[in-house]
Each structure stands twice: as structure tokens, then as C-alpha cells.
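Asks: The structure file my_file_36.cif (mmCIF, C-alpha atoms) is provided below.
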```cif
data_target
#
loop_
_atom_site.group_PDB
_atom_site.id
_atom_site.type_symbol
_atom_site.label_atom_id
_atom_site.label_comp_id
_atom_site.auth_asym_id
_atom_site.auth_seq_id
_atom_site.Cartn_x
_atom_site.Cartn_y
_atom_site.Cartn_z
ATOM 1 C CA MET D 250 -3.207 -10.557 16.342
ATOM 2 C CA ALA D 251 -5.917 -7.946 16.250
ATOM 3 C CA GLN D 252 -7.321 -7.212 12.825
ATOM 4 C CA TYR D 253 -7.641 -3.627 11.762
ATOM 5 C CA THR D 254 -9.359 -2.232 8.770
ATOM 6 C CA THR D 255 -7.557 0.855 7.606
ATOM 7 C CA HIS D 256 -8.386 3.213 4.804
ATOM 8 C CA ASN D 257 -6.086 1.478 2.358
ATOM 9 C CA ASP D 258 -7.537 -1.951 3.034
ATOM 10 C CA LEU D 259 -10.808 -0.898 1.400
ATOM 11 C CA SER D 260 -12.199 -1.212 -2.111
ATOM 12 C CA PRO D 261 -12.023 1.939 -4.328
ATOM 13 C CA GLU D 262 -15.743 2.626 -3.761
ATOM 14 C CA ALA D 263 -15.375 2.191 -0.030
ATOM 15 C CA ARG D 264 -12.320 4.459 -0.024
ATOM 16 C CA THR D 265 -14.328 7.222 -1.674
ATOM 17 C CA ALA D 266 -17.054 6.790 0.920
ATOM 18 C CA SER D 267 -14.371 6.777 3.614
ATOM 19 C CA ARG D 268 -12.952 10.099 2.383
ATOM 20 C CA ASP D 269 -16.437 11.632 2.312
ATOM 21 C CA GLU D 270 -16.980 10.413 5.843
ATOM 22 C CA ASP D 271 -13.663 11.943 6.959
ATOM 23 C CA GLU D 272 -14.572 15.277 5.412
ATOM 24 C CA ARG D 273 -17.959 15.251 7.112
ATOM 25 C CA TRP D 274 -16.349 14.528 10.465
ATOM 26 C CA MET D 275 -13.816 17.307 9.968
ATOM 27 C CA LEU D 276 -16.633 19.752 9.290
ATOM 28 C CA GLU D 277 -18.399 18.529 12.420
ATOM 29 C CA ILE D 278 -15.213 18.972 14.432
ATOM 30 C CA GLN D 279 -14.968 22.502 13.095
ATOM 31 C CA ALA D 280 -18.507 22.928 14.407
ATOM 32 C CA GLN D 281 -17.234 21.755 17.837
ATOM 33 C CA GLN D 282 -19.011 18.395 17.842
ATOM 34 C CA PRO D 283 -16.936 16.060 20.040
ATOM 35 C CA GLU D 284 -18.618 12.897 18.722
ATOM 36 C CA ALA D 285 -16.934 13.513 15.379
ATOM 37 C CA LEU D 286 -13.496 13.591 17.002
ATOM 38 C CA GLU D 287 -14.281 10.326 18.731
ATOM 39 C CA LYS D 288 -15.213 8.738 15.392
ATOM 40 C CA LEU D 289 -12.034 10.054 13.818
ATOM 41 C CA TYR D 290 -10.099 8.669 16.754
ATOM 42 C CA ASP D 291 -11.610 5.212 16.409
ATOM 43 C CA LYS D 292 -10.763 5.191 12.723
ATOM 44 C CA TYR D 293 -7.235 6.582 12.628
ATOM 45 C CA ALA D 294 -5.701 6.401 16.101
ATOM 46 C CA PRO D 295 -3.966 3.071 15.290
ATOM 47 C CA VAL D 296 -2.344 4.613 12.199
ATOM 48 C CA ILE D 297 -1.322 7.713 14.119
ATOM 49 C CA LYS D 298 0.095 5.693 16.982
ATOM 50 C CA SER D 299 2.167 3.566 14.620
ATOM 51 C CA LEU D 300 3.555 6.688 12.955
ATOM 52 C CA ALA D 301 4.302 8.395 16.278
ATOM 53 C CA HIS D 302 5.839 5.213 17.646
ATOM 54 C CA ARG D 303 8.021 4.826 14.559
ATOM 55 C CA ILE D 304 9.270 8.388 14.926
ATOM 56 C CA VAL D 305 9.861 8.661 18.679
ATOM 57 C CA ASN D 306 10.777 5.016 19.189
ATOM 58 C CA ASN D 307 9.036 4.909 22.561
ATOM 59 C CA GLU D 308 5.585 3.456 23.148
ATOM 60 C CA THR D 309 4.680 5.555 26.178
ATOM 61 C CA GLU D 310 5.521 8.739 24.312
ATOM 62 C CA ALA D 311 3.599 7.490 21.296
ATOM 63 C CA GLU D 312 0.492 7.012 23.455
ATOM 64 C CA ASP D 313 0.903 10.499 24.840
ATOM 65 C CA LEU D 314 1.390 11.865 21.353
ATOM 66 C CA VAL D 315 -1.829 10.267 20.111
ATOM 67 C CA GLN D 316 -3.698 12.240 22.746
ATOM 68 C CA GLU D 317 -1.819 15.452 21.948
ATOM 69 C CA ILE D 318 -2.335 15.037 18.233
ATOM 70 C CA TYR D 319 -6.085 14.565 18.582
ATOM 71 C CA MET D 320 -6.323 17.603 20.828
ATOM 72 C CA GLU D 321 -4.444 19.504 18.165
ATOM 73 C CA ILE D 322 -6.808 18.219 15.480
ATOM 74 C CA TRP D 323 -9.613 19.624 17.585
ATOM 75 C CA ASN D 324 -7.864 22.931 18.249
ATOM 76 C CA GLN D 325 -6.523 23.428 14.716
ATOM 77 C CA SER D 326 -9.488 22.070 12.775
ATOM 78 C CA GLY D 327 -10.267 25.580 11.555
ATOM 79 C CA SER D 328 -7.133 25.488 9.417
ATOM 80 C CA TYR D 329 -8.285 22.380 7.545
ATOM 81 C CA ALA D 330 -9.674 23.170 4.093
ATOM 82 C CA PRO D 331 -11.059 20.358 1.870
ATOM 83 C CA GLU D 332 -9.836 22.041 -1.321
ATOM 84 C CA LYS D 333 -6.233 21.728 -0.111
ATOM 85 C CA GLY D 334 -6.354 17.959 0.271
ATOM 86 C CA LYS D 335 -7.922 15.048 2.049
ATOM 87 C CA PRO D 336 -8.437 15.047 5.814
ATOM 88 C CA LEU D 337 -6.120 12.082 6.247
ATOM 89 C CA GLY D 338 -3.232 13.935 4.611
ATOM 90 C CA TRP D 339 -3.809 16.927 6.855
ATOM 91 C CA ILE D 340 -4.024 14.721 9.946
ATOM 92 C CA LEU D 341 -0.891 12.753 9.113
ATOM 93 C CA THR D 342 1.092 15.899 8.347
ATOM 94 C CA LEU D 343 0.096 17.259 11.733
ATOM 95 C CA ALA D 344 0.868 13.942 13.449
ATOM 96 C CA ARG D 345 4.284 13.641 11.862
ATOM 97 C CA ARG D 346 5.213 17.237 12.650
ATOM 98 C CA ARG D 347 4.154 16.905 16.267
ATOM 99 C CA SER D 348 6.021 13.605 16.664
ATOM 100 C CA ILE D 349 9.209 15.016 15.163
ATOM 101 C CA ASP D 350 8.932 18.055 17.452
ATOM 102 C CA ARG D 351 8.731 15.672 20.395
ATOM 103 C CA LEU D 352 11.676 13.670 19.149
ATOM 104 C CA ARG D 353 13.809 16.769 18.796
ATOM 105 C CA LYS D 354 12.959 17.988 22.264
ATOM 106 C CA ARG D 355 13.628 14.706 23.932
ATOM 107 C CA GLN D 356 16.920 14.355 25.737
ATOM 108 C CA ALA D 357 17.258 10.852 24.432
ATOM 109 C CA TYR D 358 17.342 12.071 20.840
ATOM 110 C CA GLN D 359 20.927 11.075 20.399
ATOM 111 C CA ARG D 360 20.207 7.616 21.736
ATOM 112 C CA ALA D 361 17.366 7.189 19.262
ATOM 113 C CA GLU D 362 19.636 8.248 16.446
ATOM 114 C CA ASP D 363 22.210 5.731 17.515
ATOM 115 C CA ARG D 364 19.565 3.030 17.638
ATOM 116 C CA LEU D 365 18.350 3.994 14.194
ATOM 117 C CA GLN D 366 21.850 3.860 12.821
ATOM 118 C CA LEU D 367 22.317 0.440 14.346
ATOM 119 C CA GLU D 368 19.003 -0.761 12.955
ATOM 120 C CA THR D 369 19.865 0.612 9.539
ATOM 121 C CA GLU D 370 23.263 -1.032 9.528
ATOM 122 C CA GLN D 371 21.999 -4.372 10.782
ATOM 123 C CA GLN D 372 18.579 -4.526 9.167
ATOM 124 C CA PRO D 373 18.336 -2.073 6.305
ATOM 125 C CA ASP D 374 14.829 -3.230 5.488
ATOM 126 C CA ALA D 375 13.509 -3.197 9.045
ATOM 127 C CA TRP D 376 11.446 -0.042 8.702
ATOM 128 C CA ILE D 377 9.215 -1.434 6.014
ATOM 129 C CA PHE D 378 9.425 -5.162 6.478
ATOM 130 C CA GLN D 379 8.846 -5.282 10.188
ATOM 131 C CA SER D 380 5.436 -6.890 10.141
ATOM 132 C CA THR D 381 4.214 -10.368 9.370
ATOM 133 C CA ASP D 382 0.607 -9.344 9.845
ATOM 134 C CA SER D 383 -1.443 -11.068 7.176
ATOM 135 C CA ASP D 384 -3.409 -7.853 6.844
ATOM 136 C CA LEU D 385 -0.388 -6.400 5.103
ATOM 137 C CA GLU D 386 -0.996 -8.704 2.199
ATOM 138 C CA LYS D 387 -4.487 -7.303 1.785
ATOM 139 C CA SER D 388 -3.244 -3.790 1.503
ATOM 140 C CA ASP D 389 -2.424 -2.655 -2.015
ATOM 141 C CA LEU D 390 -0.590 0.348 -0.737
ATOM 142 C CA ARG D 391 1.566 -1.481 1.748
ATOM 143 C CA HIS D 392 2.265 -4.158 -0.793
ATOM 144 C CA ILE D 393 3.314 -1.636 -3.415
ATOM 145 C CA LEU D 394 5.493 0.234 -0.964
ATOM 146 C CA ARG D 395 7.165 -2.931 0.204
ATOM 147 C CA ASN D 396 7.904 -3.984 -3.338
ATOM 148 C CA THR D 397 9.178 -0.545 -4.232
ATOM 149 C CA MET D 398 11.412 -0.353 -1.217
ATOM 150 C CA GLU D 399 12.843 -3.744 -2.076
ATOM 151 C CA THR D 400 14.127 -2.274 -5.303
ATOM 152 C CA LEU D 401 15.723 0.797 -3.689
ATOM 153 C CA PRO D 402 19.429 0.616 -2.926
ATOM 154 C CA ASP D 403 20.099 0.656 0.828
ATOM 155 C CA ALA D 404 21.677 4.096 0.600
ATOM 156 C CA GLN D 405 18.485 5.575 -0.878
ATOM 157 C CA LYS D 406 16.348 3.803 1.716
ATOM 158 C CA MET D 407 18.431 5.225 4.524
ATOM 159 C CA ALA D 408 18.179 8.771 3.138
ATOM 160 C CA VAL D 409 14.403 8.497 2.789
ATOM 161 C CA GLU D 410 14.137 7.002 6.270
ATOM 162 C CA LEU D 411 16.138 9.780 7.912
ATOM 163 C CA ALA D 412 14.151 12.458 6.103
ATOM 164 C CA TYR D 413 10.675 11.105 6.731
ATOM 165 C CA TYR D 414 10.868 9.376 10.076
ATOM 166 C CA LYS D 415 13.543 11.490 11.731
ATOM 167 C CA GLY D 416 12.598 14.820 10.183
ATOM 168 C CA MET D 417 16.093 15.572 8.923
ATOM 169 C CA SER D 418 16.804 17.990 6.120
ATOM 170 C CA GLN D 419 19.215 17.054 3.364
ATOM 171 C CA ARG D 420 21.958 19.069 5.032
ATOM 172 C CA GLU D 421 21.336 17.388 8.399
ATOM 173 C CA ILE D 422 21.482 13.948 6.781
ATOM 174 C CA ALA D 423 24.766 14.848 5.109
ATOM 175 C CA ALA D 424 26.197 16.104 8.408
ATOM 176 C CA LYS D 425 25.040 13.045 10.317
ATOM 177 C CA THR D 426 26.252 10.482 7.817
ATOM 178 C CA GLY D 427 29.380 12.285 6.628
ATOM 179 C CA ILE D 428 28.213 11.790 3.049
ATOM 180 C CA PRO D 429 28.526 14.745 0.655
ATOM 181 C CA LEU D 430 25.379 16.883 0.423
ATOM 182 C CA GLY D 431 25.164 16.415 -3.337
ATOM 183 C CA THR D 432 25.124 12.645 -2.904
ATOM 184 C CA ILE D 433 22.381 12.846 -0.297
ATOM 185 C CA LYS D 434 20.309 15.072 -2.586
ATOM 186 C CA THR D 435 20.652 12.607 -5.415
ATOM 187 C CA ARG D 436 19.765 9.634 -3.216
ATOM 188 C CA LEU D 437 16.697 11.342 -1.809
ATOM 189 C CA GLU D 438 15.498 12.564 -5.180
ATOM 190 C CA LEU D 439 15.916 9.168 -6.790
ATOM 191 C CA GLY D 440 14.338 7.308 -3.880
ATOM 192 C CA LEU D 441 11.333 9.589 -3.585
ATOM 193 C CA ARG D 442 10.815 9.686 -7.344
ATOM 194 C CA LYS D 443 10.738 5.898 -7.538
ATOM 195 C CA ILE D 444 8.253 5.671 -4.691
ATOM 196 C CA ALA D 445 6.083 8.414 -6.207
ATOM 197 C CA GLU D 446 6.105 6.652 -9.574
ATOM 198 C CA ALA D 447 5.080 3.397 -7.946
ATOM 199 C CA LEU D 448 2.226 5.115 -6.165
ATOM 200 C CA LYS D 449 0.825 6.646 -9.361
ATOM 201 C CA GLY D 450 -1.074 3.457 -10.067
ATOM 202 C CA VAL D 451 -3.025 3.780 -6.861
ATOM 203 C CA ARG D 452 -3.288 7.559 -6.837
ATOM 204 C CA ASP D 453 -7.065 7.646 -6.816
ATOM 205 C CA GLU D 454 -7.480 4.648 -4.652
ATOM 206 C CA PHE D 455 -6.351 5.840 -1.269
ATOM 207 C CA MET T 264 13.431 27.042 -11.733
ATOM 208 C CA ASN T 265 11.713 24.888 -14.328
ATOM 209 C CA PHE T 266 8.772 22.614 -13.577
ATOM 210 C CA GLU T 267 10.888 19.478 -13.332
ATOM 211 C CA GLU T 268 13.079 21.122 -10.702
ATOM 212 C CA PHE T 269 9.924 22.263 -8.931
ATOM 213 C CA GLN T 270 8.655 18.679 -8.932
ATOM 214 C CA GLN T 271 11.913 17.412 -7.427
ATOM 215 C CA MET T 272 11.736 19.997 -4.673
ATOM 216 C CA ALA T 273 8.036 19.331 -4.101
ATOM 217 C CA ARG T 274 8.741 15.706 -3.205
ATOM 218 C CA LEU T 275 11.404 16.817 -0.764
ATOM 219 C CA TYR T 276 9.076 19.491 0.587
ATOM 220 C CA VAL T 277 6.294 17.065 1.516
ATOM 221 C CA VAL T 278 8.667 14.824 3.432
ATOM 222 C CA GLY T 279 10.232 17.850 5.117
ATOM 223 C CA ALA T 280 13.734 17.409 3.693
ATOM 224 C CA LEU T 281 14.303 20.935 2.385
ATOM 225 C CA ASP T 282 16.782 23.126 4.209
ATOM 226 C CA ASP T 283 15.636 26.614 5.201
ATOM 227 C CA GLU T 284 17.218 28.274 2.198
ATOM 228 C CA GLU T 285 15.790 25.681 -0.183
ATOM 229 C CA LEU T 286 12.406 26.009 1.450
ATOM 230 C CA GLU T 287 12.418 29.731 0.779
ATOM 231 C CA THR T 288 13.360 29.131 -2.856
ATOM 232 C CA PHE T 289 10.659 26.489 -3.183
ATOM 233 C CA LEU T 290 7.929 28.605 -1.648
ATOM 234 C CA THR T 291 8.803 31.486 -3.970
ATOM 235 C CA ALA T 292 8.689 29.158 -6.976
ATOM 236 C CA ARG T 293 5.424 27.673 -5.761
ATOM 237 C CA LYS T 294 3.698 30.979 -6.329
ATOM 238 C CA THR T 295 4.857 31.096 -9.944
ATOM 239 C CA PHE T 296 3.590 27.643 -10.912
ATOM 240 C CA GLY T 297 0.004 28.337 -9.837
ATOM 241 C CA PRO T 298 -2.674 25.619 -10.116
ATOM 242 C CA SER T 299 -0.430 23.087 -11.857
ATOM 243 C CA GLY T 300 2.098 23.415 -9.062
ATOM 244 C CA GLU T 301 -0.599 23.063 -6.420
ATOM 245 C CA GLN T 302 -2.030 20.024 -8.177
ATOM 246 C CA PHE T 303 1.386 18.406 -8.191
ATOM 247 C CA LEU T 304 1.791 19.160 -4.504
ATOM 248 C CA VAL T 305 -1.530 17.480 -3.732
ATOM 249 C CA GLU T 306 -0.251 14.427 -5.608
ATOM 250 C CA CYS T 307 2.974 14.552 -3.607
ATOM 251 C CA GLN T 308 0.995 14.457 -0.387
ATOM 252 C CA GLN T 309 0.381 10.859 -1.334
ATOM 253 C CA LEU T 310 3.989 10.194 -0.342
ATOM 254 C CA ASN T 311 3.300 11.556 3.089
ATOM 255 C CA GLU T 312 0.245 9.343 3.499
ATOM 256 C CA ALA T 313 1.955 6.328 2.000
ATOM 257 C CA PHE T 314 4.783 6.268 4.503
ATOM 258 C CA ALA T 315 2.378 6.449 7.423
ATOM 259 C CA LEU T 316 -0.066 3.921 6.009
ATOM 260 C CA SER T 317 2.707 1.478 5.218
ATOM 261 C CA LEU T 318 3.263 0.934 8.934
ATOM 262 C CA THR T 319 1.327 -1.736 10.776
ATOM 263 C CA PRO T 320 -1.440 0.002 12.763
ATOM 264 C CA GLU T 321 -1.047 -0.101 16.551
ATOM 265 C CA ARG T 322 -4.177 0.267 18.618
ATOM 266 C CA PRO T 323 -3.633 2.733 21.482
ATOM 267 C CA LYS T 324 -4.438 1.699 25.039
ATOM 268 C CA PRO T 325 -8.075 2.278 26.081
ATOM 269 C CA GLU T 326 -6.857 4.769 28.726
ATOM 270 C CA THR T 327 -5.559 7.046 25.998
ATOM 271 C CA LYS T 328 -9.007 7.493 24.493
ATOM 272 C CA ILE T 329 -10.560 7.948 27.928
ATOM 273 C CA ALA T 330 -8.013 10.637 28.792
ATOM 274 C CA LEU T 331 -8.528 12.387 25.458
ATOM 275 C CA LEU T 332 -12.299 12.494 25.809
ATOM 276 C CA ASP T 333 -11.922 13.707 29.376
ATOM 277 C CA ARG T 334 -9.681 16.559 28.204
ATOM 278 C CA LEU T 335 -12.184 17.394 25.510
ATOM 279 C CA ARG T 336 -15.049 17.471 27.998
ATOM 280 C CA GLN T 337 -13.006 19.746 30.260
ATOM 281 C CA LYS T 338 -12.299 22.013 27.355
ATOM 282 C CA LEU T 339 -15.964 22.183 26.371
ATOM 283 C CA ARG T 340 -17.166 23.072 29.835
ATOM 284 C CA PRO T 341 -18.786 26.511 29.767
ATOM 285 C CA ASP T 342 -16.239 27.975 32.195
ATOM 286 C CA ASN T 343 -13.453 26.923 29.803
ATOM 287 C CA SER T 344 -15.071 28.266 26.685
ATOM 288 C CA GLY T 345 -12.438 30.945 26.284
ATOM 289 C CA SER T 346 -9.482 28.537 26.371
#
```
As C-alpha cells, how would this structure be written, given the file I've shared?
Replies:
Amino acid sequence: MAQYTTHNDLSPEARTASRDEDERWMLEIQAQQPEALEKLYDKYAPVIKSLAHRIVNNETEAEDLVQEIYMEIWNQSGSYAPEKGKPLGWILTLARRRSIDRLRKRQAYQRAEDRLQLETEQQPDAWIFQSTDSDLEKSDLRHILRNTMETLPDAQKMAVELAYYKGMSQREIAAKTGIPLGTIKTRLELGLRKIAEALKGVRDEF
Amino acid sequence: MNFEEFQQMARLYVVGALDDEELETFLTARKTFGPSGEQFLVECQQLNEAFALSLTPERPKPETKIALLDRLRQKLRPDNSGS
């Protein structure tokens, strides 16, 4: 299996350098330098494809989305401001939004939902435990998330999954699952709070 | 809304789980909490990154990069400078 080095596989010092590099490339993209977009592509396209693929559940569409997302990074780079957060956060927010837009527009949306429901019922941990890549073990972040998710009740995992990867609001999750809105709110709040708490230890490291 | 309630909504906000009405309430409250609210939101963005980075990276096909760079070159051509 191909080995990838992603931002969260790096040492704290290297992560800081990586963030500085990202910010420099974003500024160069704002200055319309295409080489910077190519560098950003080489660094993050695998992460963006995995996110898009996870959301739309279709590899061809995920490939197409990678291209669209990078064009949007180029076109919208003027709205990126370093003081509002790291480039990666901005890029991933954009990538997730675009992927969810695509999912919602797709005629096969219902089919994807059905598949998700089936996956959730049959393999509640599938979304986070799907890989056996040894690289996962090197990643603090992935390791922490995996451990945290292991401790979440299935109901909380499902609520978090539907919100993040399917772009559903609390009300939409309640309508889809037939579970009272108040229960969904509680599950989401508890699940997200536990994950956020677990991430505090690595806050400055990725 | 107190700060704890703001924090709860902030986590939901970054993963996009707020309904329209809640979003409006949150955005109004966001203005009242100023820098501390914004700082907490930046911290919450970690959730957004964490979910994406927890997935196993998938390298796109080489054709995807070629097509992207081709689109970019087209866009940068002088006759397309206005687009």
C-alpha cells in the first residue's frame, strides 16, 4: 500500500513548519501563482479525496470533486484570512461543504442514505475503523480519534456521522431516524464534547 | 445564552448540525462573546479537521491533477483574464 505523509503524521516542529508552508502557499495563490496551488494539491489532495469519497460514496465523483475543490480554492483564495484559522481548516471546510452540496444534488442521494443506514446497522464502527494501513498507527490524531470513537455509544457515533459526513442538521437527523429531536441534540452534544475533549491534548500539534 | 451554551452550539456549528433557526441564534450570540467566543470557535475547527484527517488518505488519479492544471492554465490565459 502506498505510504503517505500527512500533516498529522509529523513531529510538532514539522507541523509548525508545515502550517507556515501552507500559509505561504495560500498567500502565493492569492497572488495568482499556480505553482503554489500545485504544491497544495500534492500535499492535501489525498486527504481531500478521502473526505469527498466518504461523503459522496462514489469514487468517480470524489475525483471530480477534488478538481472542483482545488479550482474553488484558487477562485476563493481571497476570502482566506490567516487570523481566522489555519489554511487546512479553511480548505477542509470548503471541501466538506462542496462535497455535501454534491451529495444533496445527486439523484442517488436516497440510495446513499440507505447504504449508510445499512453500514451503520451492520458495522457501526466502519467509518473510523475502516483501514488497516500501518500508517494509521503512526498518526497521533487518528489514533486518538479511533480510541475516542471506541468509547462512544453507537447512537452517539451515528448522530455524529450523519451530521459531519452527510451534512444533516439535528432536525434532519431526527426526521430521518424517527428519534426525538431532544435525544438527537443530547447525543450530538455528548459525542462532540467527548471528541473535543480528547483532542485537547493535541490541540497545538496539528 | 451563557458561554457554556455558546460552546455547545459552537461544536454543532463547526460540523454544520445547527438548524436555520439555531444558526441565527448562534450567530447573534457569537457577536456578544467577542474574542473569547472567536477563540473557542478556532479551537472547535479542530473537530472539523480531525474528522477529515482521521480518514485514510486516497491519492487521486494522475489524470485529475493533469485536468486541474489544464483548467488553471486555461483560466490564466490572457483572453480569460476577466473570468
Asks: Find the residues in chain T near chain D: any atom within 7 Å counts, using only C-alpha atoms. Write them as a count of residues only.
Replies: 22
Asks: What is the distance, in Å and to one decimal place, between atom CA of Gly300 of chain T and atom CA of Glu287 of chain T?
Replies: 15.6 Å
Asks: Taking the file as I've supplied it (selection: the PyMOL selection byres ((chain T and resi 266) around 12)), which residues are included? Please answer as a count of residues only.
Replies: 20
Asks: Rounded to one decimal place, report the atom CA of Thr426 of chain D-atom CA of Met407 of chain D distance in Å.
Replies: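 For atom CA of Thr426 of chain D relative to atom CA of Met407 of chain D, the distance reads 10.0 Å.
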Asks: What is the atom CA of Gln325 of chain D-atom CA of Ala280 of chain D distance in Å, reported with one decimal?
Replies: 12.0 Å
Asks: Counting all atoms listed in the file, select every polymer residue within 9 Å of (-16.3, 12.4, 10.3) as defined in the file's coordinates, and provide the selection as a short mmCIF file (atom, residue, chain, number, x, y, z; two decimals) with C-alpha atoms, keeping the file's coordinate frame.
Replies:
```
data_model
loop_
_atom_site.label_atom_id
_atom_site.label_comp_id
_atom_site.auth_asym_id
_atom_site.auth_seq_id
_atom_site.Cartn_x
_atom_site.Cartn_y
_atom_site.Cartn_z
CA SER D 267 -14.37 6.78 3.61
CA ARG D 268 -12.95 10.10 2.38
CA ASP D 269 -16.44 11.63 2.31
CA GLU D 270 -16.98 10.41 5.84
CA ASP D 271 -13.66 11.94 6.96
CA GLU D 272 -14.57 15.28 5.41
CA ARG D 273 -17.96 15.25 7.11
CA TRP D 274 -16.35 14.53 10.46
CA MET D 275 -13.82 17.31 9.97
CA LEU D 276 -16.63 19.75 9.29
CA GLU D 277 -18.40 18.53 12.42
CA ILE D 278 -15.21 18.97 14.43
CA GLU D 284 -18.62 12.90 18.72
CA ALA D 285 -16.93 13.51 15.38
CA LEU D 286 -13.50 13.59 17.00
CA GLU D 287 -14.28 10.33 18.73
CA LYS D 288 -15.21 8.74 15.39
CA LEU D 289 -12.03 10.05 13.82
#
```
Asks: Just segment 272-300 of chain T from the block, N, CA and C atoms, as an mmCIF file, in the first residue's frame, could you?
Replies:
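Written output follows (part14.cif):
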```cif
data_model
loop_
_atom_site.group_PDB
_atom_site.id
_atom_site.type_symbol
_atom_site.label_atom_id
_atom_site.label_comp_id
_atom_site.auth_asym_id
_atom_site.auth_seq_id
_atom_site.Cartn_x
_atom_site.Cartn_y
_atom_site.Cartn_z
ATOM 1 N N MET T 272 -23.224 25.032 21.233
ATOM 2 C CA MET T 272 -23.688 25.348 19.869
ATOM 3 C C MET T 272 -22.517 25.494 18.912
ATOM 4 N N ALA T 273 -21.387 25.964 19.431
ATOM 5 C CA ALA T 273 -20.211 26.162 18.566
ATOM 6 C C ALA T 273 -19.742 24.826 17.989
ATOM 7 N N ARG T 274 -19.770 23.789 18.808
ATOM 8 C CA ARG T 274 -19.351 22.470 18.310
ATOM 9 C C ARG T 274 -20.295 21.994 17.209
ATOM 10 N N LEU T 275 -21.578 22.242 17.429
ATOM 11 C CA LEU T 275 -22.559 21.843 16.414
ATOM 12 C C LEU T 275 -22.409 22.696 15.155
ATOM 13 N N TYR T 276 -22.059 23.960 15.370
ATOM 14 C CA TYR T 276 -21.897 24.889 14.251
ATOM 15 C C TYR T 276 -20.770 24.424 13.316
ATOM 16 N N VAL T 277 -19.628 24.049 13.898
ATOM 17 C CA VAL T 277 -18.497 23.690 13.028
ATOM 18 C C VAL T 277 -18.732 22.390 12.264
ATOM 19 N N VAL T 278 -19.581 21.527 12.783
ATOM 20 C CA VAL T 278 -19.878 20.322 11.990
ATOM 21 C C VAL T 278 -21.164 20.497 11.173
ATOM 22 N N GLY T 279 -21.716 21.704 11.195
ATOM 23 C CA GLY T 279 -22.858 22.005 10.338
ATOM 24 C C GLY T 279 -24.177 21.396 10.786
ATOM 25 N N ALA T 280 -24.328 21.160 12.084
ATOM 26 C CA ALA T 280 -25.542 20.470 12.559
ATOM 27 C C ALA T 280 -26.630 21.411 13.079
ATOM 28 N N LEU T 281 -26.387 22.717 13.015
ATOM 29 C CA LEU T 281 -27.421 23.636 13.512
ATOM 30 C C LEU T 281 -28.508 23.829 12.464
ATOM 31 N N ASP T 282 -29.756 23.842 12.926
ATOM 32 C CA ASP T 282 -30.857 24.172 12.035
ATOM 33 C C ASP T 282 -30.833 25.680 11.782
ATOM 34 N N ASP T 283 -31.584 26.115 10.776
ATOM 35 C CA ASP T 283 -31.548 27.528 10.384
ATOM 36 C C ASP T 283 -31.824 28.470 11.552
ATOM 37 N N GLU T 284 -32.857 28.121 12.310
ATOM 38 C CA GLU T 284 -33.238 28.980 13.436
ATOM 39 C C GLU T 284 -32.128 29.020 14.494
ATOM 40 N N GLU T 285 -31.558 27.848 14.751
ATOM 41 C CA GLU T 285 -30.468 27.771 15.738
ATOM 42 C C GLU T 285 -29.243 28.525 15.236
ATOM 43 N N LEU T 286 -29.025 28.431 13.941
ATOM 44 C CA LEU T 286 -27.870 29.113 13.356
ATOM 45 C C LEU T 286 -27.986 30.615 13.564
ATOM 46 N N GLU T 287 -29.197 31.122 13.358
ATOM 47 C CA GLU T 287 -29.440 32.548 13.543
ATOM 48 C C GLU T 287 -29.167 32.947 15.000
ATOM 49 N N THR T 288 -29.676 32.134 15.910
ATOM 50 C CA THR T 288 -29.464 32.393 17.342
ATOM 51 C C THR T 288 -27.976 32.372 17.669
ATOM 52 N N PHE T 289 -27.281 31.374 17.094
ATOM 53 C CA PHE T 289 -25.853 31.233 17.378
ATOM 54 C C PHE T 289 -25.063 32.426 16.840
ATOM 55 N N LEU T 290 -25.375 32.817 15.624
ATOM 56 C CA LEU T 290 -24.615 33.911 15.016
ATOM 57 C C LEU T 290 -24.846 35.232 15.751
ATOM 58 N N THR T 291 -26.052 35.394 16.288
ATOM 59 C CA THR T 291 -26.325 36.593 17.098
ATOM 60 C C THR T 291 -25.499 36.537 18.384
ATOM 61 N N ALA T 292 -25.499 35.368 19.014
ATOM 62 C CA ALA T 292 -24.740 35.209 20.267
ATOM 63 C C ALA T 292 -23.245 35.365 20.024
ATOM 64 N N ARG T 293 -22.808 34.917 18.873
ATOM 65 C CA ARG T 293 -21.376 34.983 18.541
ATOM 66 C C ARG T 293 -20.838 36.406 18.649
ATOM 67 N N LYS T 294 -21.673 37.340 18.236
ATOM 68 C CA LYS T 294 -21.242 38.745 18.290
ATOM 69 C C LYS T 294 -21.042 39.206 19.728
ATOM 70 N N THR T 295 -21.844 38.655 20.639
ATOM 71 C CA THR T 295 -21.781 39.132 22.030
ATOM 72 C C THR T 295 -20.594 38.536 22.790
ATOM 73 N N PHE T 296 -20.068 37.421 22.348
ATOM 74 C CA PHE T 296 -18.979 36.797 23.109
ATOM 75 C C PHE T 296 -17.592 37.254 22.654
ATOM 76 N N GLY T 297 -17.529 38.017 21.586
ATOM 77 C CA GLY T 297 -16.283 38.664 21.175
ATOM 78 C C GLY T 297 -15.099 37.726 21.016
ATOM 79 N N PRO T 298 -13.897 38.199 21.411
ATOM 80 C CA PRO T 298 -12.666 37.417 21.179
ATOM 81 C C PRO T 298 -12.672 36.039 21.842
ATOM 82 N N SER T 299 -13.276 35.930 23.024
ATOM 83 C CA SER T 299 -13.260 34.614 23.683
ATOM 84 C C SER T 299 -14.113 33.628 22.893
ATOM 85 N N GLY T 300 -15.208 34.124 22.346
ATOM 86 C CA GLY T 300 -16.052 33.274 21.511
ATOM 87 C C GLY T 300 -15.332 32.861 20.242
#
```
